[in-house]
Amino acid sequence: MNSSSPETHGAAGLWVPILAGLAIAAAFATESNWIVAPREVQWAFVVVAYVVAGWNAMIRGIQLALRLHLDVDFLMVVAAIGAACIGRWLDGGLLLFLFSLGNALEDYAMGQARNAIRALGKLTPRVARRQRGSIEEEVPIEQLVIGDMVVVLPGERLPADGRIDNGTSAVDQSPMTGESVPVEKSVGDEVFAGTVNGDGSLLISVTRLAADSTMARMIVMVESAQNEKGKTQRIAEAFTRIYVPCVVAATIVAIILPTSLDWLAFHEALLRAIAMLVGASPCALAISTPAAVLAGVARAARFGVLIKGGLHLESLSTIRAIAMDKTGTITLGRPEISEIATAPGVDPMRLLALAAALERRSEHPIARALVLAADSRGAPSLIADDVVAIQGKGLQGNLNGSLLQAGSPRLLAEIAEGVPPSLQETISRLDAAGHTIVCVVLDRVLQGVFALSDRPRPESAKAIARLQSMGIRPIIMLTGDRRAVATRIGAEVGVDSVRAELMPQDKIEAVREILHTHHAMAMVGDGINDAPALAMATVGIAMGRSGTDVALEAADVALMADDLGRLPFTVALSRFARSVIRQNVFISMGMVIALIPLTLLGFVNTTLAVIMHEGSTVAVVLNGLRLLVWRDTDAHE
């Protein structure tokens, strides 16, 4: 259906049916002598109704017919002209009026889904307050370059993606990630364009150009999703291309056959054929899937999940197994101290201070974790001099004339007094459990050890349990990490099985094997090494915040908050969308199947056929729009 432009939805698009409706109502009034007027006035009202309501449909129908492509607009114009040819001008005008009204209501309803997407583009301010030295100036966000410093005052929207250089504040990230409460941000934290600053002033170093911001990528991905057709929609369009010519042929037969066999007079056969032509038009079928898909994609986007198209929304509802990367997906992707063990007489805070004295000179993730722990726990501030790397072991430096070393257990081969039995037992236990161990040695004497590990995300175990309760099993962890580490993390979060020490090509083989066994599966990942597996899976799902650009490009779905708790919601949404699509197909085809015999047998006339036909079209659109307000009370929302 829908001969009008997508841009004409809403109140602006209602002028056509309103004007046509007034004209056809005036024509009926003069026909019924409720208003006394010359015959010419009645004809004028009818002509106005035909021209206003039928012009766009006629032009589009003729254009497509010349290309040997018959669609719903063509059927409606033929039906109206047929009614006029047998003197039923008012019936033809009513048909075009209701057809244009259905178009306008459809456009309006579909516009609500589009507006939910377009609203994303209005979140980012058009100007930024750039600071250079002591000078502040307002510039268009397009002029910002990486490294620019931007000042954001309390209550303002952030103009660019960046990293906080100065200040602390609570930032409302709900437009981006769907998080319901503001997130505390401080120096070094990443922030996003379009989010709302709280009550603190921030100085932000720009890390992405305006065109490459997370918000800009969200909008591009969601807009492109509108053009990505799902399987049901493609089937419906293929069916319509064959079905419409068949309807035209059946209409001709419905006119010729009864009259040639003297079953009906030509006038009556023509009336019934026109009514059948209206009832058999697949308007509702054509719009049933796009209405649900667009609403579903918009609903997911408001919850911080980007689905790149109807194909992926439908495919997500069919998955029976999920493979997940470990680092950065199931886990936070950064090491944290999980245990501290000290030698007799050594204070843990002293041990932290010694480790941080060396690690401040390093950018290694483990070094950053130790420094962060020392600073956050208030350890004394020490700084070592002459810090150098020890090949394969760690770092060493000079601390007030003493040799300070921090690194792997290989350092223990060089200590003077041996390892105390209690520490040796701890080191063996931690190593067997898959922890990363950092030993701290001062003047060849072991001071203590740290165990570091990449901890599971807080929501991982709950999300995995929820997915399993939805019948998605197995959930398999795929990782290149050591088997001991993977087994420990897998047991913590409750995955069904673990495959460790995998190279990227091994992940691809694992996905291929899961696909072969379960036919439809999803792959969740965040890194460059996950991209091939994401592309191969039925549905590839990337972590949108921490995920690499390569992973985001290869994926079909992005979790913008890096929150696995959004995954059960998305699967439940896709299943509900599939249910709505099936309902729409049933409604649309059920009406067609009912109207064809009822019109041919004379039980339903043209006017009633139009009302029932257009009613089914509006019904499927409104049914699809339920997805905009759908909530899954069991999922993490």
# chains A, B, ... in the order shown; residues from 1 in each chain; ligands from 1
>>> residues_around(residues="Asp556 (chain A)", least_positions_apart="3", cutoff="7 Å", atoms="only C-alpha atoms", output="PDB file with N, CA and C atoms, in the first residue's frame")
ATOM      1  N   ILE A 307      19.939  -2.855  16.318  1.00  0.00           N
ATOM      2  CA  ILE A 307      19.712  -4.001  15.431  1.00  0.00           C
ATOM      3  C   ILE A 307      19.761  -3.472  14.009  1.00  0.00           C
ATOM      4  N   LYS A 308      20.632  -4.034  13.186  1.00  0.00           N
ATOM      5  CA  LYS A 308      20.910  -3.451  11.877  1.00  0.00           C
ATOM      6  C   LYS A 308      19.865  -3.745  10.805  1.00  0.00           C
ATOM      7  N   HIS A 312      17.863  -9.321  10.820  1.00  0.00           N
ATOM      8  CA  HIS A 312      18.536  -9.722  12.059  1.00  0.00           C
ATOM      9  C   HIS A 312      17.560  -9.762  13.230  1.00  0.00           C
ATOM     10  N   VAL A 539      23.513 -14.646  13.866  1.00  0.00           N
ATOM     11  CA  VAL A 539      23.445 -13.256  14.340  1.00  0.00           C
ATOM     12  C   VAL A 539      24.733 -12.960  15.090  1.00  0.00           C
ATOM     13  N   GLY A 540      25.457 -11.928  14.649  1.00  0.00           N
ATOM     14  CA  GLY A 540      26.656 -11.482  15.344  1.00  0.00           C
ATOM     15  C   GLY A 540      26.304 -10.326  16.260  1.00  0.00           C
ATOM     16  N   ILE A 541      26.736 -10.413  17.519  1.00  0.00           N
ATOM     17  CA  ILE A 541      26.392  -9.395  18.517  1.00  0.00           C
ATOM     18  C   ILE A 541      27.684  -8.831  19.093  1.00  0.00           C
TER      19      ILE A 541
END
>>> residues_around(residues="Arg429 (chain A)", least_positions_apart="5", cutoff="12 Å", atoms="only C-alpha atoms", output="list in words")
Glu339, Ala341, Ser422, Leu423, Gln424, Gly434, His435, Thr436, Ile437, Ala451 and Ala484 of chain A
>>> write_last_selection(atoms="C-alpha atoms", output="JSON list (two decimals), in the first residue's frame")
[["chain", "number", "residue", "atom", "x", "y", "z"],
["A", 339, "GLU", "CA", 44.04, -11.43, 46.38],
["A", 341, "ALA", "CA", 49.47, -12.26, 50.14],
["A", 422, "SER", "CA", 52.99, -20.16, 53.21],
["A", 423, "LEU", "CA", 53.62, -17.93, 50.18],
["A", 424, "GLN", "CA", 54.80, -20.85, 48.06],
["A", 434, "GLY", "CA", 44.46, -19.33, 36.51],
["A", 435, "HIS", "CA", 45.25, -16.00, 38.19],
["A", 436, "THR", "CA", 47.99, -13.68, 36.96],
["A", 437, "ILE", "CA", 50.62, -13.42, 39.71],
["A", 451, "ALA", "CA", 46.81, -12.21, 42.28],
["A", 484, "ALA", "CA", 42.52, -22.81, 33.87]]
>>> atom_distance(atom1="CA of Ala379 (chain A)", atom2="CA of Ala413 (chain A)")
28.0 Å
>>> atom_distance(atom1="CA of Ile252 (chain A)", atom2="CA of Leu601 (chain A)")
15.7 Å
>>> residues_around(residues="Trp89 (chain A)", least_positions_apart="3", cutoff="12 Å", atoms="only C-alpha atoms", output="list of chain:residue names")
A:Ile24, A:Ala27, A:Phe28, A:Glu31, A:Gln42, A:Trp43, A:Ala44, A:Phe45, A:Val46, A:Val47, A:Val48, A:Ala49, A:Tyr50, A:Ala79, A:Ala80, A:Ile81, A:Gly82, A:Ala83, A:Ala84, A:Cys85, A:Ile86, A:Gly92, A:Gly93, A:Leu94, A:Leu95, A:Leu96, A:Thr606, A:Thr607
>>> write_last_selection(atoms="C-alpha atoms", output="compact mmCIF listing (two decimals), in the first residue's frame")
# COMPACT_ATOMS: atom_id res chain seq x y z
CA ILE A 24 -17.70 12.93 -1.12
CA ALA A 27 -21.83 14.70 -3.06
CA PHE A 28 -23.84 12.20 -0.98
CA GLU A 31 -27.58 12.95 -4.12
CA GLN A 42 -22.80 17.10 -7.30
CA TRP A 43 -20.54 16.12 -10.19
CA ALA A 44 -18.07 18.81 -9.15
CA PHE A 45 -17.87 17.34 -5.63
CA VAL A 46 -17.32 13.86 -7.05
CA VAL A 47 -14.57 15.07 -9.38
CA VAL A 48 -12.85 16.82 -6.47
CA ALA A 49 -12.95 13.58 -4.47
CA TYR A 50 -11.57 11.55 -7.38
CA ALA A 79 -11.64 -0.40 -9.10
CA ALA A 80 -12.60 3.28 -8.86
CA ILE A 81 -12.64 3.71 -12.64
CA GLY A 82 -14.69 0.53 -13.00
CA ALA A 83 -17.27 1.85 -10.53
CA ALA A 84 -17.45 5.12 -12.46
CA CYS A 85 -17.91 3.29 -15.77
CA ILE A 86 -21.12 1.68 -14.54
CA GLY A 92 -15.74 4.93 -6.60
CA GLY A 93 -15.21 8.21 -4.77
CA LEU A 94 -15.83 6.53 -1.42
CA LEU A 95 -13.28 3.84 -2.35
CA LEU A 96 -10.61 6.43 -3.13
CA THR A 606 -17.93 -2.45 -2.65
CA THR A 607 -18.43 0.02 0.18
>>> residues_around(residues="region 615-623 of chain A", least_positions_apart="4", cutoff="6 Å", atoms="only C-alpha atoms", output="MDAnalysis selection string")
chainID A and resid 284 288 291 584 611
>>> write_last_selection(atoms="N, CA and C atoms", output="CSV table (one decimal), in the first residue's frame")
chain,number,residue,atom,x,y,z
A,284,ALA,N,-2.7,-4.8,3.4
A,284,ALA,CA,-2.3,-5.1,4.8
A,284,ALA,C,-1.1,-6.0,4.8
A,288,SER,N,2.4,-5.3,6.8
A,288,SER,CA,2.3,-6.0,8.1
A,288,SER,C,3.7,-6.2,8.7
A,291,ALA,N,5.9,-2.6,9.4
A,291,ALA,CA,5.4,-1.9,10.6
A,291,ALA,C,6.0,-2.5,11.8
A,584,ASN,N,0.0,-10.3,12.2
A,584,ASN,CA,-0.3,-9.4,11.1
A,584,ASN,C,-0.6,-10.1,9.8
A,611,ILE,N,-14.3,-0.7,3.5
A,611,ILE,CA,-14.2,-0.5,5.0
A,611,ILE,C,-13.4,-1.7,5.6
>>> select_by_dssp(residues="region 462-547 of chain A", states="strand (DSSP E)", output="PDB file with N, CA and C atoms, in the first residue's frame")
ATOM      1  N   ILE A 475      25.101 -22.518  25.938  1.00  0.00           N
ATOM      2  CA  ILE A 475      25.834 -21.255  25.888  1.00  0.00           C
ATOM      3  C   ILE A 475      27.303 -21.603  26.114  1.00  0.00           C
ATOM      4  N   ILE A 476      28.119 -21.296  25.113  1.00  0.00           N
ATOM      5  CA  ILE A 476      29.501 -21.778  25.075  1.00  0.00           C
ATOM      6  C   ILE A 476      30.462 -20.599  25.128  1.00  0.00           C
ATOM      7  N   MET A 477      31.446 -20.669  26.000  1.00  0.00           N
ATOM      8  CA  MET A 477      32.489 -19.650  26.055  1.00  0.00           C
ATOM      9  C   MET A 477      33.624 -20.036  25.113  1.00  0.00           C
ATOM     10  N   LEU A 478      33.990 -19.099  24.230  1.00  0.00           N
ATOM     11  CA  LEU A 478      35.123 -19.305  23.333  1.00  0.00           C
ATOM     12  C   LEU A 478      36.196 -18.284  23.698  1.00  0.00           C
ATOM     13  N   SER A 497      29.483 -24.846  28.498  1.00  0.00           N
ATOM     14  CA  SER A 497      30.783 -25.461  28.194  1.00  0.00           C
ATOM     15  C   SER A 497      31.795 -24.370  27.866  1.00  0.00           C
ATOM     16  N   VAL A 498      33.066 -24.744  27.921  1.00  0.00           N
ATOM     17  CA  VAL A 498      34.173 -23.804  27.721  1.00  0.00           C
ATOM     18  C   VAL A 498      35.132 -24.391  26.697  1.00  0.00           C
ATOM     19  N   ARG A 499      35.519 -23.545  25.728  1.00  0.00           N
ATOM     20  CA  ARG A 499      36.569 -23.933  24.785  1.00  0.00           C
ATOM     21  C   ARG A 499      37.660 -22.882  24.877  1.00  0.00           C
ATOM     22  N   MET A 521      22.429 -19.814  15.541  1.00  0.00           N
ATOM     23  CA  MET A 521      23.149 -19.460  16.755  1.00  0.00           C
ATOM     24  C   MET A 521      23.650 -18.025  16.671  1.00  0.00           C
ATOM     25  N   ALA A 522      23.940 -17.457  17.838  1.00  0.00           N
ATOM     26  CA  ALA A 522      24.487 -16.106  17.916  1.00  0.00           C
ATOM     27  C   ALA A 522      25.897 -16.177  18.459  1.00  0.00           C
ATOM     28  N   MET A 523      26.717 -15.222  18.028  1.00  0.00           N
ATOM     29  CA  MET A 523      28.072 -15.079  18.546  1.00  0.00           C
ATOM     30  C   MET A 523      28.182 -13.701  19.155  1.00  0.00           C
ATOM     31  N   VAL A 524      28.679 -13.616  20.391  1.00  0.00           N
ATOM     32  CA  VAL A 524      28.841 -12.342  21.086  1.00  0.00           C
ATOM     33  C   VAL A 524      30.330 -12.107  21.306  1.00  0.00           C
ATOM     34  N   GLY A 525      30.827 -10.938  20.872  1.00  0.00           N
ATOM     35  CA  GLY A 525      32.246 -10.638  21.032  1.00  0.00           C
ATOM     36  C   GLY A 525      32.517  -9.153  20.955  1.00  0.00           C
ATOM     37  N   VAL A 539      23.513 -14.646  13.866  1.00  0.00           N
ATOM     38  CA  VAL A 539      23.445 -13.256  14.340  1.00  0.00           C
ATOM     39  C   VAL A 539      24.733 -12.960  15.090  1.00  0.00           C
ATOM     40  N   GLY A 540      25.457 -11.928  14.649  1.00  0.00           N
ATOM     41  CA  GLY A 540      26.656 -11.482  15.344  1.00  0.00           C
ATOM     42  C   GLY A 540      26.304 -10.326  16.260  1.00  0.00           C
ATOM     43  N   ILE A 541      26.736 -10.413  17.519  1.00  0.00           N
ATOM     44  CA  ILE A 541      26.392  -9.395  18.517  1.00  0.00           C
ATOM     45  C   ILE A 541      27.684  -8.831  19.093  1.00  0.00           C
ATOM     46  N   ALA A 542      27.865  -7.507  18.972  1.00  0.00           N
ATOM     47  CA  ALA A 542      29.096  -6.859  19.433  1.00  0.00           C
ATOM     48  C   ALA A 542      28.823  -6.011  20.666  1.00  0.00           C
ATOM     49  N   MET A 543      29.829  -5.901  21.523  1.00  0.00           N
ATOM     50  CA  MET A 543      29.758  -4.974  22.644  1.00  0.00           C
ATOM     51  C   MET A 543      30.029  -3.578  22.090  1.00  0.00           C
TER      52      MET A 543
END
>>> atom_distance(atom1="CA of Ala343 (chain A)", atom2="CA of Arg488 (chain A)")
26.5 Å
>>> residues_around(residues="Ala275 (chain A)", least_positions_apart="2", cutoff="6 Å", atoms="only C-alpha atoms", output="JSON, numbers by chain")
{"A": [272, 273, 277, 278, 599, 605, 606]}
>>> decode(residues="region 429-445 of chain A", atoms="N, CA and C atoms", output="PDB file, in the first residue's frame")
ATOM      1  N   ARG A 429      48.563 -22.293  44.511  1.00  0.00           N
ATOM      2  CA  ARG A 429      47.099 -22.330  44.449  1.00  0.00           C
ATOM      3  C   ARG A 429      46.550 -21.312  43.448  1.00  0.00           C
ATOM      4  N   LEU A 430      47.105 -20.104  43.504  1.00  0.00           N
ATOM      5  CA  LEU A 430      46.627 -19.051  42.608  1.00  0.00           C
ATOM      6  C   LEU A 430      46.962 -19.360  41.150  1.00  0.00           C
ATOM      7  N   ASP A 431      48.133 -19.921  40.926  1.00  0.00           N
ATOM      8  CA  ASP A 431      48.533 -20.257  39.564  1.00  0.00           C
ATOM      9  C   ASP A 431      47.645 -21.366  39.005  1.00  0.00           C
ATOM     10  N   ALA A 432      47.315 -22.349  39.839  1.00  0.00           N
ATOM     11  CA  ALA A 432      46.450 -23.446  39.389  1.00  0.00           C
ATOM     12  C   ALA A 432      45.048 -22.942  39.060  1.00  0.00           C
ATOM     13  N   ALA A 433      44.630 -21.877  39.751  1.00  0.00           N
ATOM     14  CA  ALA A 433      43.293 -21.323  39.516  1.00  0.00           C
ATOM     15  C   ALA A 433      43.269 -20.378  38.326  1.00  0.00           C
ATOM     16  N   GLY A 434      44.427 -20.147  37.714  1.00  0.00           N
ATOM     17  CA  GLY A 434      44.457 -19.326  36.511  1.00  0.00           C
ATOM     18  C   GLY A 434      44.630 -17.842  36.744  1.00  0.00           C
ATOM     19  N   HIS A 435      45.027 -17.420  37.928  1.00  0.00           N
ATOM     20  CA  HIS A 435      45.248 -16.004  38.189  1.00  0.00           C
ATOM     21  C   HIS A 435      46.596 -15.564  37.634  1.00  0.00           C
ATOM     22  N   THR A 436      46.695 -14.284  37.299  1.00  0.00           N
ATOM     23  CA  THR A 436      47.991 -13.685  36.960  1.00  0.00           C
ATOM     24  C   THR A 436      48.659 -13.266  38.263  1.00  0.00           C
ATOM     25  N   ILE A 437      49.922 -13.651  38.435  1.00  0.00           N
ATOM     26  CA  ILE A 437      50.623 -13.417  39.711  1.00  0.00           C
ATOM     27  C   ILE A 437      51.731 -12.390  39.509  1.00  0.00           C
ATOM     28  N   VAL A 438      51.791 -11.408  40.393  1.00  0.00           N
ATOM     29  CA  VAL A 438      52.852 -10.405  40.392  1.00  0.00           C
ATOM     30  C   VAL A 438      53.574 -10.502  41.731  1.00  0.00           C
ATOM     31  N   CYS A 439      54.861 -10.757  41.663  1.00  0.00           N
ATOM     32  CA  CYS A 439      55.685 -10.843  42.866  1.00  0.00           C
ATOM     33  C   CYS A 439      56.434  -9.530  43.064  1.00  0.00           C
ATOM     34  N   VAL A 440      56.571  -9.085  44.298  1.00  0.00           N
ATOM     35  CA  VAL A 440      57.300  -7.857  44.621  1.00  0.00           C
ATOM     36  C   VAL A 440      58.518  -8.239  45.460  1.00  0.00           C
ATOM     37  N   VAL A 441      59.712  -7.872  44.984  1.00  0.00           N
ATOM     38  CA  VAL A 441      60.976  -8.249  45.625  1.00  0.00           C
ATOM     39  C   VAL A 441      61.766  -6.976  45.913  1.00  0.00           C
ATOM     40  N   LEU A 442      62.236  -6.824  47.169  1.00  0.00           N
ATOM     41  CA  LEU A 442      63.047  -5.667  47.563  1.00  0.00           C
ATOM     42  C   LEU A 442      64.395  -6.172  48.081  1.00  0.00           C
ATOM     43  N   ASP A 443      65.469  -5.760  47.375  1.00  0.00           N
ATOM     44  CA  ASP A 443      66.831  -6.205  47.736  1.00  0.00           C
ATOM     45  C   ASP A 443      66.888  -7.732  47.848  1.00  0.00           C
ATOM     46  N   ARG A 444      66.358  -8.391  46.839  1.00  0.00           N
ATOM     47  CA  ARG A 444      66.383  -9.855  46.712  1.00  0.00           C
ATOM     48  C   ARG A 444      65.569 -10.571  47.787  1.00  0.00           C
ATOM     49  N   VAL A 445      64.658  -9.887  48.449  1.00  0.00           N
ATOM     50  CA  VAL A 445      63.811 -10.506  49.479  1.00  0.00           C
ATOM     51  C   VAL A 445      62.348 -10.353  49.041  1.00  0.00           C
TER      52      VAL A 445
END
